[in-house]
file final.csv (CSV, C-alpha atoms and all ligand atoms)
chain,number,residue,atom,x,y,z
B,1,MET,CA,-65.0,107.6,-126.3
B,2,LYS,CA,-68.6,108.2,-125.0
B,3,ILE,CA,-68.6,109.0,-121.3
B,4,THR,CA,-71.1,110.1,-118.7
B,5,LEU,CA,-70.4,112.8,-116.2
B,6,SER,CA,-72.7,112.4,-113.2
B,7,VAL,CA,-72.9,114.8,-110.3
B,8,ILE,CA,-75.0,113.6,-107.4
B,9,LYS,CA,-75.3,115.7,-104.2
B,10,ALA,CA,-77.0,115.5,-100.8
B,11,ASP,CA,-77.1,117.1,-97.4
B,12,ILE,CA,-76.5,114.3,-95.0
B,13,GLY,CA,-75.7,116.3,-91.9
B,14,GLY,CA,-74.4,119.8,-91.1
B,15,TYR,CA,-71.4,120.9,-89.0
B,16,VAL,CA,-72.2,123.2,-87.3
B,17,GLY,CA,-76.0,123.6,-87.8
B,18,HIS,CA,-76.5,124.0,-91.5
B,19,SER,CA,-73.2,125.8,-92.2
B,20,SER,CA,-70.7,123.2,-93.4
B,21,THR,CA,-69.8,119.5,-93.7
B,22,HIS,CA,-67.7,117.5,-91.3
B,23,PRO,CA,-64.4,116.1,-92.6
B,24,GLU,CA,-65.1,112.6,-91.2
B,25,VAL,CA,-68.3,112.4,-93.1
B,26,VAL,CA,-66.7,113.7,-96.3
B,27,GLU,CA,-63.8,111.1,-95.9
B,28,THR,CA,-66.3,108.3,-95.4
B,29,VAL,CA,-68.1,109.2,-98.6
B,30,ARG,CA,-64.8,109.5,-100.4
B,31,GLU,CA,-63.5,106.1,-99.2
B,32,PHE,CA,-66.7,104.4,-100.3
B,33,VAL,CA,-66.7,105.9,-103.8
B,34,LYS,CA,-62.9,105.2,-104.1
B,35,LYS,CA,-63.5,101.5,-103.5
B,36,GLU,CA,-66.2,101.4,-106.2
B,37,CYS,CA,-63.8,103.1,-108.5
B,38,GLU,CA,-61.1,100.6,-107.8
B,39,LYS,CA,-63.6,97.8,-108.5
B,40,GLY,CA,-64.0,99.3,-112.0
B,41,ASN,CA,-67.6,100.6,-111.6
B,42,LEU,CA,-66.5,104.1,-112.3
B,43,ILE,CA,-63.7,105.6,-114.4
B,44,ASP,CA,-62.9,108.4,-111.9
B,45,PHE,CA,-64.5,110.5,-109.2
B,46,ASP,CA,-64.1,113.6,-107.1
B,47,ILE,CA,-65.8,114.9,-104.0
B,48,LEU,CA,-66.9,118.6,-103.6
B,49,THR,CA,-68.5,120.3,-100.7
B,50,CYS,CA,-70.5,123.6,-100.6
B,51,GLY,CA,-72.0,124.6,-97.3
B,52,ASP,CA,-73.7,121.6,-95.7
B,53,ASP,CA,-73.9,119.6,-98.9
B,54,ILE,CA,-71.6,117.0,-100.5
B,55,ALA,CA,-71.4,116.3,-104.2
B,56,ILE,CA,-69.9,113.2,-105.8
B,57,VAL,CA,-68.6,113.9,-109.2
B,58,MET,CA,-68.3,110.7,-111.3
B,59,THR,CA,-67.2,109.7,-114.8
B,60,HIS,CA,-68.3,106.3,-116.1
B,61,ASN,CA,-69.6,104.3,-119.1
B,62,HIS,CA,-73.0,103.4,-117.7
B,63,GLY,CA,-75.0,106.3,-119.3
B,64,VAL,CA,-77.4,108.7,-117.5
B,65,ASP,CA,-79.9,107.3,-114.9
B,66,SER,CA,-77.7,104.3,-114.3
B,67,GLU,CA,-78.8,102.1,-111.4
B,68,VAL,CA,-75.1,101.3,-110.7
B,69,VAL,CA,-74.0,104.9,-110.5
B,70,HIS,CA,-77.0,106.1,-108.6
B,71,GLY,CA,-76.6,103.1,-106.2
B,72,ILE,CA,-73.0,104.1,-105.5
B,73,ALA,CA,-74.0,107.6,-104.6
B,74,TRP,CA,-76.9,106.4,-102.5
B,75,ASN,CA,-74.8,103.9,-100.6
B,76,ALA,CA,-72.0,106.4,-100.1
B,77,PHE,CA,-74.4,108.9,-98.6
B,78,GLU,CA,-75.8,106.2,-96.4
B,79,LYS,CA,-72.4,105.4,-95.1
B,80,GLY,CA,-71.7,109.1,-94.5
B,81,THR,CA,-75.0,109.3,-92.7
B,82,GLU,CA,-74.0,106.6,-90.2
B,83,VAL,CA,-71.0,108.8,-89.3
B,84,ALA,CA,-73.1,111.9,-89.2
B,85,LYS,CA,-75.5,110.2,-86.9
B,86,LYS,CA,-72.7,109.0,-84.6
B,87,LEU,CA,-71.3,112.6,-84.4
B,88,LYS,CA,-74.9,113.8,-83.9
B,89,LEU,CA,-74.4,116.3,-86.8
B,90,TYR,CA,-77.3,118.5,-87.6
B,91,GLY,CA,-80.0,117.0,-89.8
B,92,ALA,CA,-78.1,113.7,-90.2
B,93,GLY,CA,-79.4,111.9,-93.3
B,94,GLN,CA,-81.9,114.7,-94.0
B,95,ASP,CA,-81.8,114.3,-97.8
B,96,LEU,CA,-82.2,110.5,-97.8
B,97,LEU,CA,-86.0,110.6,-97.9
B,98,SER,CA,-86.5,106.9,-98.4
B,99,ASP,CA,-85.2,103.9,-96.3
B,100,ALA,CA,-84.6,101.8,-99.4
B,101,PHE,CA,-82.9,102.6,-102.7
B,102,SER,CA,-85.0,101.6,-105.7
B,103,GLY,CA,-82.7,102.0,-108.7
B,104,ASN,CA,-82.6,105.7,-109.2
B,105,VAL,CA,-82.0,108.5,-106.7
B,106,LYS,CA,-84.3,110.9,-108.5
B,107,GLY,CA,-87.4,111.6,-106.4
B,108,LEU,CA,-85.6,110.2,-103.3
B,109,GLY,CA,-83.8,113.4,-102.2
B,110,PRO,CA,-80.3,113.8,-103.7
B,111,GLY,CA,-79.9,116.3,-106.5
B,112,VAL,CA,-78.6,114.9,-109.8
B,113,ALA,CA,-77.0,116.5,-112.9
B,114,GLU,CA,-75.8,114.2,-115.6
B,115,ALA,CA,-74.6,114.5,-119.2
B,116,GLU,CA,-73.4,111.8,-121.7
B,117,PHE,CA,-71.1,112.9,-124.5
B,118,GLU,CA,-68.3,111.9,-126.8
B,119,GLU,CA,-65.1,113.1,-125.1
B,120,ARG,CA,-63.5,115.8,-127.3
B,121,PRO,CA,-59.8,115.9,-128.0
B,122,SER,CA,-59.8,118.3,-125.0
B,123,GLU,CA,-62.8,118.4,-122.8
B,124,PRO,CA,-63.0,121.3,-120.3
B,125,VAL,CA,-66.1,121.3,-118.0
B,126,VAL,CA,-67.2,123.3,-115.1
B,127,VAL,CA,-69.3,121.9,-112.2
B,128,PHE,CA,-71.1,124.6,-110.3
B,129,PHE,CA,-72.4,123.8,-106.8
B,130,ALA,CA,-74.5,126.2,-104.7
B,131,ASP,CA,-75.8,126.1,-101.1
B,132,LYS,CA,-78.8,127.9,-99.5
B,133,THR,CA,-80.7,128.3,-102.8
B,134,SER,CA,-82.7,126.3,-105.4
B,135,PRO,CA,-82.2,125.0,-109.0
B,136,SER,CA,-83.9,128.1,-110.4
B,137,ALA,CA,-80.7,130.0,-109.3
B,138,TRP,CA,-79.2,128.7,-112.6
B,139,ASN,CA,-81.9,130.2,-114.8
B,140,LEU,CA,-80.3,133.6,-115.2
B,141,PRO,CA,-76.7,132.6,-115.6
B,142,LEU,CA,-77.6,129.8,-118.1
B,143,TYR,CA,-79.6,132.4,-120.2
B,144,GLU,CA,-76.6,134.7,-120.1
B,145,MET,CA,-74.0,132.0,-121.0
B,146,PHE,CA,-76.0,130.5,-123.8
B,147,ALA,CA,-78.3,133.2,-125.2
B,148,ASP,CA,-77.0,136.6,-124.4
B,149,PRO,CA,-74.4,137.9,-126.8
B,150,MET,CA,-73.6,140.8,-124.5
B,151,ASN,CA,-72.2,138.1,-122.1
B,152,THR,CA,-71.0,135.5,-124.5
B,153,ALA,CA,-69.1,136.9,-127.5
B,154,GLY,CA,-68.9,133.4,-129.0
B,155,LEU,CA,-72.6,133.5,-129.9
B,156,VAL,CA,-71.7,136.2,-132.4
B,157,ILE,CA,-68.2,135.1,-133.5
B,158,ASP,CA,-67.8,131.3,-133.0
B,159,PRO,CA,-69.3,129.5,-136.1
B,160,LYS,CA,-70.4,126.5,-134.0
B,161,MET,CA,-72.3,128.7,-131.5
B,162,HIS,CA,-73.8,131.1,-134.0
B,163,GLU,CA,-76.9,129.0,-134.6
B,164,GLY,CA,-77.7,129.4,-130.9
B,165,PHE,CA,-78.8,126.9,-128.2
B,166,THR,CA,-82.0,125.1,-127.2
B,167,PHE,CA,-83.1,125.2,-123.6
B,168,GLU,CA,-85.1,122.4,-122.0
B,169,VAL,CA,-87.3,124.0,-119.3
B,170,LEU,CA,-89.1,122.0,-116.6
B,171,ASP,CA,-92.3,123.0,-114.8
B,172,VAL,CA,-91.4,121.7,-111.3
B,173,TYR,CA,-95.0,121.5,-110.3
B,174,THR,CA,-96.3,119.3,-113.2
B,175,GLY,CA,-93.1,117.6,-114.2
B,176,LYS,CA,-93.8,118.6,-117.8
B,177,ALA,CA,-90.9,120.0,-119.9
B,178,VAL,CA,-90.7,122.2,-123.1
B,179,LYS,CA,-87.8,122.8,-125.5
B,180,LEU,CA,-87.2,126.4,-126.6
B,181,ASN,CA,-84.9,127.4,-129.4
B,182,THR,CA,-82.8,130.6,-129.0
B,183,PRO,CA,-82.4,133.1,-130.5
B,184,ALA,CA,-85.7,132.6,-132.2
B,185,GLU,CA,-87.7,131.9,-129.1
B,186,THR,CA,-85.7,134.0,-126.6
B,187,TYR,CA,-88.6,136.1,-125.4
B,188,ASP,CA,-90.8,132.9,-124.8
B,189,LEU,CA,-87.9,131.4,-122.9
B,190,LEU,CA,-87.5,134.5,-120.7
B,191,ALA,CA,-91.3,134.6,-120.1
B,192,LEU,CA,-91.0,131.2,-118.5
B,193,ILE,CA,-87.6,131.2,-116.7
B,194,GLY,CA,-88.1,134.6,-115.2
B,195,THR,CA,-90.8,132.8,-113.1
B,196,VAL,CA,-88.2,131.2,-110.9
B,197,GLY,CA,-90.6,129.5,-108.5
B,198,LYS,CA,-92.1,127.3,-111.2
B,199,TYR,CA,-89.8,126.9,-114.2
B,200,VAL,CA,-86.2,125.7,-114.1
B,201,VAL,CA,-83.7,125.1,-117.0
B,202,LYS,CA,-82.9,121.3,-117.0
B,203,ASN,CA,-80.6,121.0,-120.0
B,204,VAL,CA,-79.1,123.1,-122.8
B,205,TYR,CA,-78.3,121.7,-126.3
B,206,ARG,CA,-76.2,123.2,-129.1
B,207,ASN,CA,-78.3,123.8,-132.2
B,208,PHE,CA,-75.4,123.3,-134.6
B,209,ASP,CA,-75.3,119.5,-133.8
B,210,GLY,CA,-77.6,118.8,-130.8
B,211,GLU,CA,-74.7,118.3,-128.5
B,212,ILE,CA,-75.4,118.6,-124.7
B,213,ALA,CA,-73.9,121.8,-123.4
B,214,ALA,CA,-75.3,122.0,-119.9
B,215,ALA,CA,-77.2,119.9,-117.4
B,216,ALA,CA,-78.7,121.0,-114.1
B,217,SER,CA,-80.2,119.3,-111.1
B,218,THR,CA,-83.9,120.1,-111.0
B,219,GLN,CA,-85.1,118.4,-107.9
B,220,ARG,CA,-87.2,120.4,-105.5
B,221,LEU,CA,-87.0,118.7,-102.1
B,222,SER,CA,-89.7,120.7,-100.6
B,223,LEU,CA,-92.2,119.5,-103.2
B,224,MET,CA,-90.9,115.9,-103.2
B,225,ALA,CA,-91.1,115.5,-99.4
B,226,GLY,CA,-94.5,117.2,-99.1
B,227,LYS,CA,-93.0,119.1,-96.2
B,228,TYR,CA,-89.8,121.1,-95.6
B,229,VAL,CA,-86.7,119.0,-95.4
B,230,GLY,CA,-84.1,121.5,-96.6
B,231,LYS,CA,-83.4,123.6,-99.7
B,232,ASP,CA,-82.5,121.6,-102.7
B,233,ASP,CA,-79.1,123.3,-103.1
B,234,PRO,CA,-78.3,122.6,-106.8
B,235,VAL,CA,-75.5,121.5,-109.0
B,236,LEU,CA,-74.9,122.3,-112.7
B,237,ILE,CA,-72.6,120.9,-115.3
B,238,VAL,CA,-71.4,123.2,-118.2
B,239,ARG,CA,-69.1,122.1,-121.1
B,240,ALA,CA,-66.6,124.7,-122.2
B,241,GLN,CA,-64.5,125.9,-125.2
B,242,SER,CA,-64.3,125.1,-128.9
B,243,GLY,CA,-68.0,125.6,-129.8
B,244,PHE,CA,-69.2,126.0,-126.3
B,245,PRO,CA,-68.8,129.2,-124.2
B,246,ALA,CA,-65.3,129.8,-123.0
B,247,ILE,CA,-64.5,129.4,-119.3
B,248,GLY,CA,-64.5,133.2,-119.0
B,249,GLU,CA,-67.9,133.4,-120.7
B,250,ILE,CA,-69.3,130.7,-118.4
B,251,LEU,CA,-68.0,132.5,-115.2
B,252,GLU,CA,-68.9,136.0,-116.3
B,253,PRO,CA,-72.6,136.0,-115.2
B,254,PHE,CA,-71.3,135.4,-111.6
B,255,SER,CA,-69.3,138.7,-111.6
B,256,LYS,CA,-72.6,140.5,-111.2
B,257,PRO,CA,-74.5,139.0,-108.3
B,258,TRP,CA,-78.2,138.6,-108.6
B,259,ILE,CA,-80.9,137.7,-106.1
B,260,VAL,CA,-82.0,134.1,-105.6
B,261,GLU,CA,-84.5,132.3,-103.4
B,262,GLY,CA,-83.2,130.5,-100.3
B,263,TRP,CA,-81.0,131.9,-97.6
B,264,MET,CA,-82.3,131.7,-94.0
B,265,ARG,CA,-84.9,128.9,-93.6
B,266,GLY,CA,-85.2,128.7,-97.4
B,267,SER,CA,-87.6,131.6,-97.1
B,268,HIS,CA,-85.7,134.6,-98.2
B,269,ASN,CA,-84.3,136.4,-101.2
B,270,GLY,CA,-80.6,136.9,-101.1
B,271,PRO,CA,-77.6,137.5,-103.4
B,272,LEU,CA,-75.7,134.5,-104.8
B,273,MET,CA,-72.1,135.0,-103.8
B,274,PRO,CA,-69.3,133.3,-105.9
B,275,VAL,CA,-66.6,132.0,-103.5
B,276,SER,CA,-63.5,129.8,-103.4
B,277,PHE,CA,-63.9,126.2,-102.1
B,278,GLU,CA,-62.4,127.4,-98.8
B,279,ASP,CA,-65.1,130.1,-98.3
B,280,ALA,CA,-68.1,128.0,-99.2
B,281,ARG,CA,-69.3,128.1,-95.6
B,282,PRO,CA,-72.4,130.2,-95.2
B,283,SER,CA,-72.7,131.9,-91.8
B,284,ARG,CA,-74.3,135.3,-91.8
B,285,PHE,CA,-78.1,134.8,-91.4
B,286,ASP,CA,-77.2,131.2,-92.7
B,287,GLY,CA,-75.8,132.8,-95.9
B,288,PRO,CA,-75.7,134.7,-98.1
B,289,PRO,CA,-76.2,131.8,-100.6
B,290,ARG,CA,-72.9,130.6,-102.0
B,291,VAL,CA,-71.7,129.1,-105.3
B,292,ILE,CA,-68.4,127.4,-106.1
B,293,ALA,CA,-67.1,126.6,-109.6
B,294,ALA,CA,-64.9,123.5,-110.0
B,295,GLY,CA,-63.1,123.2,-113.3
B,296,TYR,CA,-61.9,119.9,-114.8
B,297,GLN,CA,-60.2,118.7,-117.9
B,298,ILE,CA,-61.5,115.2,-118.7
B,299,ALA,CA,-58.8,112.9,-120.2
B,300,GLU,CA,-60.0,109.4,-121.2
B,301,GLY,CA,-62.7,109.8,-118.5
B,302,LYS,CA,-60.2,110.8,-115.8
B,303,LEU,CA,-61.0,114.0,-114.0
B,304,ILE,CA,-58.0,116.3,-114.1
B,305,GLY,CA,-58.6,118.9,-111.4
B,306,PRO,CA,-60.5,120.5,-109.8
B,307,ALA,CA,-59.4,124.1,-110.4
B,308,ASP,CA,-61.0,126.4,-107.9
B,309,LEU,CA,-62.3,128.9,-110.5
B,310,PHE,CA,-63.8,131.6,-108.2
B,311,ARG,CA,-60.5,131.8,-106.2
B,312,ASP,CA,-59.6,134.9,-108.2
B,313,PRO,CA,-59.3,138.6,-107.1
B,314,ALA,CA,-61.4,139.3,-110.3
B,315,PHE,CA,-64.4,138.1,-108.3
B,316,ASP,CA,-63.6,140.2,-105.1
B,317,LYS,CA,-65.8,142.9,-106.4
B,318,ALA,CA,-68.7,140.5,-106.9
B,319,ARG,CA,-68.3,139.4,-103.3
B,320,ARG,CA,-68.3,143.0,-102.1
B,321,VAL,CA,-71.4,143.8,-104.1
B,322,ALA,CA,-73.1,140.6,-102.8
B,323,ASN,CA,-72.4,141.7,-99.2
B,324,ASP,CA,-73.8,145.2,-100.0
B,325,MET,CA,-76.9,143.6,-101.5
B,326,ALA,CA,-77.2,141.4,-98.4
B,327,ASP,CA,-77.1,144.5,-96.1
B,328,ILE,CA,-79.9,146.2,-98.2
B,329,LEU,CA,-82.1,143.1,-98.1
B,330,ARG,CA,-81.4,142.4,-94.4
B,331,ARG,CA,-82.7,145.9,-93.6
B,332,GLN,CA,-86.2,144.5,-94.6
B,333,GLY,CA,-86.1,141.9,-91.8
B,334,ILE,CA,-89.1,139.7,-91.9
B,335,PHE,CA,-90.8,141.9,-94.5
B,336,GLU,CA,-91.2,141.1,-98.2
B,337,PRO,CA,-89.4,141.3,-100.6
B,338,HIS,CA,-86.6,140.0,-98.5
B,339,ARG,CA,-88.9,137.4,-97.0
B,340,LEU,CA,-90.4,135.3,-99.8
B,341,PRO,CA,-94.0,135.5,-100.7
B,342,ALA,CA,-96.2,133.2,-98.6
B,343,ASP,CA,-96.5,130.3,-101.1
B,344,GLU,CA,-92.7,130.2,-101.7
B,345,MET,CA,-91.6,130.0,-98.1
B,346,GLU,CA,-90.2,126.7,-96.8
B,347,TYR,CA,-91.3,127.5,-93.3
B,348,THR,CA,-94.5,129.3,-92.5
B,349,THR,CA,-96.8,129.9,-89.5
B,350,LEU,CA,-99.2,132.0,-91.6
B,351,PRO,CA,-102.0,129.3,-91.9
B,352,LYS,CA,-101.8,128.7,-88.1
B,353,VAL,CA,-101.9,132.4,-87.3
B,354,LEU,CA,-104.8,132.9,-89.7
B,355,LYS,CA,-106.7,130.0,-88.1
B,356,LYS,CA,-106.1,131.4,-84.6
B,357,LEU,CA,-107.4,134.8,-85.7
B,358,GLU,CA,-110.3,133.4,-87.8
B,359,GLY,CA,-113.1,134.5,-85.5
B,360,ARG,CA,-111.5,138.0,-84.9
B,361,PHE,CA,-111.6,139.3,-88.4
B,362,TYR,CA,-114.6,141.6,-88.9
B,363,ASP,CA,-116.1,143.4,-91.9
B,364,ALA,CA,-114.4,146.8,-91.5
B,365,GLU,CA,-116.4,148.4,-94.3
B,366,ALA,CA,-119.8,147.2,-92.9
B,367,GLN,CA,-118.9,148.5,-89.5
B,368,ARG,CA,-117.9,151.9,-90.9
B,369,VAL,CA,-121.3,152.2,-92.6
B,370,GLU,CA,-123.1,151.2,-89.5
B,371,GLU,CA,-121.2,153.7,-87.4
B,372,GLU,CA,-122.0,156.4,-90.0
B,373,GLU,CA,-125.7,155.6,-89.8
B,374,LYS,CA,-125.6,156.0,-86.0
B,375,VAL,CA,-124.3,159.6,-86.2
B,376,PRO,CA,-127.3,161.9,-86.1
B,377,GLU,CA,-127.5,164.2,-89.1
B,378,LYS,CA,-127.7,168.1,-88.6
B,379,GLY,CA,-131.3,169.1,-88.0
B,380,ASP,CA,-132.3,165.7,-86.5
B,381,VAL,CA,-131.4,167.1,-83.1
B,382,ASP,CA,-134.3,168.8,-81.3
B,401,LIG,C1,-81.8,126.9,-95.2
B,401,LIG,C2,-81.1,126.3,-94.1
B,401,LIG,C3,-81.1,127.0,-92.8
B,401,LIG,C4,-82.2,126.4,-91.9
B,401,LIG,C5,-82.2,127.2,-90.5
B,401,LIG,C6,-83.2,126.6,-89.5
B,401,LIG,O1,-81.7,126.1,-96.4
B,401,LIG,O2,-80.6,125.2,-94.2
B,401,LIG,O3,-81.2,128.4,-93.0
B,401,LIG,O4,-83.4,126.5,-92.5
B,401,LIG,O5,-80.9,127.1,-89.9
B,401,LIG,O6,-82.9,125.3,-89.4
B,401,LIG,P1,-83.8,124.3,-88.4
B,401,LIG,O7,-85.2,124.5,-88.7
B,401,LIG,O8,-83.2,123.0,-88.8
B,401,LIG,O9,-83.4,124.8,-87.0
B,402,MG,MG,-78.7,121.2,-93.9
B,403,MG,MG,-77.4,123.0,-98.0
call {"tool": "encode", "arguments": {"input": "final.csv", "output": "structure tokens"}}
result
Amino acid sequence: MKITLSVIKADIGGYVGHSSTHPEVVETVREFVKKECEKGNLIDFDILTCGDDIAIVMTHNHGVDSEVVHGIAWNAFEKGTEVAKKLKLYGAGQDLLSDAFSGNVKGLGPGVAEAEFEERPSEPVVVFFADKTSPSAWNLPLYEMFADPMNTAGLVIDPKMHEGFTFEVLDVYTGKAVKLNTPAETYDLLALIGTVGKYVVKNVYRNFDGEIAAAASTQRLSLMAGKYVGKDDPVLIVRAQSGFPAIGEILEPFSKPWIVEGWMRGSHNGPLMPVSFEDARPSRFDGPPRVIAAGYQIAEGKLIGPADLFRDPAFDKARRVANDMADILRRQGIFEPHRLPADEMEYTTLPKVLKKLEGRFYDAEAQRVEEEEKVPEKGDVD
């Protein structure tokens, strides 16, 4: 049976501030989607939260980019926004950038990751969901899962994985995408996706048969809205086992925290901390950025789960290391490289400060030469 797994997420109001979601809002979204499911518009659904974001996980037969499915998510988020506004939650409706739904949520604000595939005899998937960071946060772990044999033993020893994977990479500024085949084009891939402010991995396909292996949300709210409206906290779907990376190979990159863009005011570098559902509530300096991993078995389109995959002492060390990294970065305060470079910051006063000081900048070198010329040389004095 061919099914589509769609994960659509939005921040429709924070409780308290930008730290978490409010149960009443989450329940309102859940109730709305449940009714749509009962009407037969969806096969199944689940609701996940991470920080101040809500994700609707849906299975259905409408394919990707479906007006029906995107409409359900949009309307559910609108209903949730009404409650968020009533409770005066922080930034109520902040990711619903348009007043009217026009058939597809892409470009409107919510983040979307979707994959259509033939359900295998057993279909394990992982939905990752992060807060206080951007879609480029997935670049490094996707490379490790699908192209690094030191992470994923299956690339070497599973016949279906041995031919490698193809990465579809999007330039978020131009909207153009390119497909790069690994292992042959690994270095070209890394040349692009190491540039995290510009290139993000959108999809990954298995070379053996072209099957979709992973799909990420690639929206960048800051670019879409033309002004800052909140970091585009991303979601990611990864298929697992029998010819795809094993659950343990998919989770392994997160055991070694790395630094991502986001954190306070979307303007800082910080470690991505893998946490349980319960601990997905960023607090310290609005962070550090968090990621949860929800595991499902899909059975005739039904979502069996979720399993809280980072709720495991095996990730305690990663959490400790992430906290140590946070201390080191916080020591830098407002200085780079903790603070992002000027053109990557979501908030900035730099142009205003520069404008104010415009007339006060002087040519320091010319002044030095002038001063030097004024000093009388030895022998000039009578
Ligand atoms: C970052 C984030 C928060 C806010 C910060 C300031 O993605 O959500 O760090 O940027 O709390 O928020 P405002 O400007 O709304 O007071
Ligand atoms: Mg928020
Ligand atoms: Mg958020």
call {"tool": "atom_distance", "arguments": {"input": "final.csv", "atom1": "atom C4 of ligand LIG 401 (chain B)", "atom2": "atom CA of Lys198 of chain B"}}
result
21.7 Å
call {"tool": "residues_around", "arguments": {"input": "final.csv", "residues": "segment 209-216 of chain B", "least_positions_apart": "5", "cutoff": "7 Å", "atoms": "only C-alpha atoms", "output": "ChimeraX atom specification"}}
result
/B:113-115,202-204,235-239,244
call {"tool": "residues_near_ligand", "arguments": {"input": "final.csv", "ligand": "ligand LIG 401 (chain B)", "cutoff": "9 Å", "atoms": "only C-alpha atoms and all ligand atoms", "output": "PyMOL selection string"}}
result
chain B and resi 14+17-19+52+90-91+131-133+228-233+262-267+285-287+289+346-347
call {"tool": "residues_around", "arguments": {"input": "final.csv", "residues": "Gly197 of chain B", "least_positions_apart": "6", "cutoff": "9 Å", "atoms": "only C-alpha atoms", "output": "PyMOL selection string"}}
result
chain B and resi 136+172+261+344
call {"tool": "closest_residue", "arguments": {"input": "final.csv", "among": "B:Gly359, B:Gly270, B:Pro313, B:Gly13", "to": "ligand MG 402 (chain B)", "atoms": "all atoms listed in the file"}}
result
B:Gly13
call {"tool": "residues_near_point", "arguments": {"input": "final.csv", "point": "(-72.7, 142.6, -103.3)", "cutoff": "9 Å", "atoms": "only C-alpha atoms", "output": "ChimeraX atom specification"}}
result
/B:256-258,271-273,317-327
call {"tool": "write_last_selection", "arguments": {"input": "final.csv", "atoms": "C-alpha atoms", "output": "mmCIF file, in the frame of the given file"}}
result
data_model
loop_
_atom_site.group_PDB
_atom_site.id
_atom_site.type_symbol
_atom_site.label_atom_id
_atom_site.label_comp_id
_atom_site.auth_asym_id
_atom_site.auth_seq_id
_atom_site.Cartn_x
_atom_site.Cartn_y
_atom_site.Cartn_z
ATOM 1 C CA LYS B 256 -72.600 140.500 -111.200
ATOM 2 C CA PRO B 257 -74.500 139.000 -108.300
ATOM 3 C CA TRP B 258 -78.200 138.600 -108.600
ATOM 4 C CA PRO B 271 -77.600 137.500 -103.400
ATOM 5 C CA LEU B 272 -75.700 134.500 -104.800
ATOM 6 C CA MET B 273 -72.100 135.000 -103.800
ATOM 7 C CA LYS B 317 -65.800 142.900 -106.400
ATOM 8 C CA ALA B 318 -68.700 140.500 -106.900
ATOM 9 C CA ARG B 319 -68.300 139.400 -103.300
ATOM 10 C CA ARG B 320 -68.300 143.000 -102.100
ATOM 11 C CA VAL B 321 -71.400 143.800 -104.100
ATOM 12 C CA ALA B 322 -73.100 140.600 -102.800
ATOM 13 C CA ASN B 323 -72.400 141.700 -99.200
ATOM 14 C CA ASP B 324 -73.800 145.200 -100.000
ATOM 15 C CA MET B 325 -76.900 143.600 -101.500
ATOM 16 C CA ALA B 326 -77.200 141.400 -98.400
ATOM 17 C CA ASP B 327 -77.100 144.500 -96.100
#
call {"tool": "build_atoms", "arguments": {"input": "final.csv", "residues": "segment 61-70 of chain B", "atoms": "N, CA, C and O atoms", "output": "short mmCIF file (atom, residue, chain, number, x, y, z; two decimals), in the frame of the given file"}}
result
data_model
loop_
_atom_site.label_atom_id
_atom_site.label_comp_id
_atom_site.auth_asym_id
_atom_site.auth_seq_id
_atom_site.Cartn_x
_atom_site.Cartn_y
_atom_site.Cartn_z
N ASN B 61 -69.08 104.72 -117.81
CA ASN B 61 -69.60 104.30 -119.10
C ASN B 61 -71.03 103.77 -119.01
O ASN B 61 -71.49 103.07 -119.90
N HIS B 62 -71.73 104.06 -117.94
CA HIS B 62 -73.00 103.40 -117.70
C HIS B 62 -74.21 104.27 -118.25
O HIS B 62 -75.36 103.86 -118.13
N GLY B 63 -73.93 105.47 -118.78
CA GLY B 63 -75.00 106.30 -119.30
C GLY B 63 -75.73 107.05 -118.15
O GLY B 63 -75.42 106.84 -116.97
N VAL B 64 -76.69 107.92 -118.53
CA VAL B 64 -77.40 108.70 -117.50
C VAL B 64 -78.45 107.77 -116.84
O VAL B 64 -78.87 106.76 -117.42
N ASP B 65 -78.87 108.12 -115.65
CA ASP B 65 -79.90 107.30 -114.90
C ASP B 65 -79.47 105.91 -114.63
O ASP B 65 -80.32 105.01 -114.60
N SER B 66 -78.18 105.66 -114.48
CA SER B 66 -77.70 104.30 -114.30
C SER B 66 -77.95 103.85 -112.82
O SER B 66 -77.61 104.56 -111.88
N GLU B 67 -78.50 102.63 -112.71
CA GLU B 67 -78.80 102.10 -111.40
C GLU B 67 -77.43 101.89 -110.62
O GLU B 67 -77.37 102.12 -109.41
N VAL B 68 -76.39 101.48 -111.36
CA VAL B 68 -75.10 101.30 -110.70
C VAL B 68 -74.56 102.56 -110.11
O VAL B 68 -74.19 102.61 -108.92
N VAL B 69 -74.57 103.62 -110.92
CA VAL B 69 -74.00 104.90 -110.50
C VAL B 69 -74.82 105.55 -109.40
O VAL B 69 -74.29 106.01 -108.38
N HIS B 70 -76.13 105.56 -109.59
CA HIS B 70 -77.00 106.10 -108.60
C HIS B 70 -76.90 105.34 -107.26
O HIS B 70 -76.92 105.89 -106.17
#
